[in-house]
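Q: Sharing a structure below in structure tokens format, with a few things to ask.
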Amino acid sequence: MNKSALSLFAASILFASVGIASAQTTTTTTTWTNDQGAAITAYSTTQKYMSFNDPALKPAVGMALPSTVTVYPLPGTVTVATPERYSYGIVNGQNVIVDRTTRQVVHTWN
């Protein structure tokens with residue numbers, strides 16, 4: 001009986017630790033430069049992408065953009081380690097980099 005109780009206890013600890021590990025958030029270590037911001041702005045202009053304008057919306061790192069904000073793939077001239085992970089949006093005339101899967105803002109330029 002003690003051996004099966006110990007096995008059950010060990011299994012529950014294992015499952016609990018897996019749950020805790022999966023609940024942790026992943027952060028990005030990509031550094032975004034002013035040159036990349038300028039390249040995105042230039043590309044957006046040539047593509048005639050429009051800014052989403054809402055004075056009440058002030059994008060900040062960590063917030064998720066609403067679904068009403070259009071996001072675009074990064075232009076080919078912007079090179080980062082995992083470009084498929086990121087998109088960008090234009091909010092109130094400012095470019096913001098977002099995680100493509102969560103729409104969470106990971107970088108802004110002011």
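Chain labels follow the order of the structure tokens: the first chain is A, the next B, and so on; residue numbering restarts at 1 in every chain, and ligands are counted from 1 in their shown order.
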As JSON, numbers by chain, please: all residues of segment 18-94 of chain A that backbone DSSP puts in strand (DSSP E).
A: {"A": [71, 72, 73, 86, 87, 88, 89, 90, 91, 94]}
Q: Let me see the file: selected residues, C-alpha atoms, as a PDB file, in the first residue's frame.
A:
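Resulting contents of selection.pdb:
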```pdb
ATOM      1  CA  VAL A  71      -1.613  43.540 -38.566  1.00  0.00           C
ATOM      2  CA  TYR A  72       0.781  42.939 -41.429  1.00  0.00           C
ATOM      3  CA  PRO A  73       3.744  40.589 -41.986  1.00  0.00           C
ATOM      4  CA  TYR A  86       6.054  38.691 -35.591  1.00  0.00           C
ATOM      5  CA  SER A  87       3.716  41.053 -37.384  1.00  0.00           C
ATOM      6  CA  TYR A  88       3.256  44.771 -37.081  1.00  0.00           C
ATOM      7  CA  GLY A  89       0.382  47.168 -36.866  1.00  0.00           C
ATOM      8  CA  ILE A  90       0.025  50.901 -37.205  1.00  0.00           C
ATOM      9  CA  VAL A  91      -1.869  52.515 -34.343  1.00  0.00           C
ATOM     10  CA  GLN A  94       2.931  54.598 -34.717  1.00  0.00           C
TER      11      GLN A  94
END
```
Q: Which residues come within 10 Å of Pro59 of chain A, counting only C-alpha atoms, excluding same-chain residues fewer than 6 positions away, as a list in words?
A: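 Surrounding residues, per the criterion: Leu65, Ile90, Val91, Asn92, Gln94, Asn95, Val96, Gln104, Val105, Val106, His107 and Thr108 of chain A.
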Q: I'd like the neighbourhood of Thr41 of chain A as a ChimeraX atom specification, where a residue qualifies if any of its atoms comes within 10 Å (using only C-alpha atoms), though same-chain residues fewer than 4 positions away should be ignored.
A: /A:35-37,45-47,49,75,90,93-95
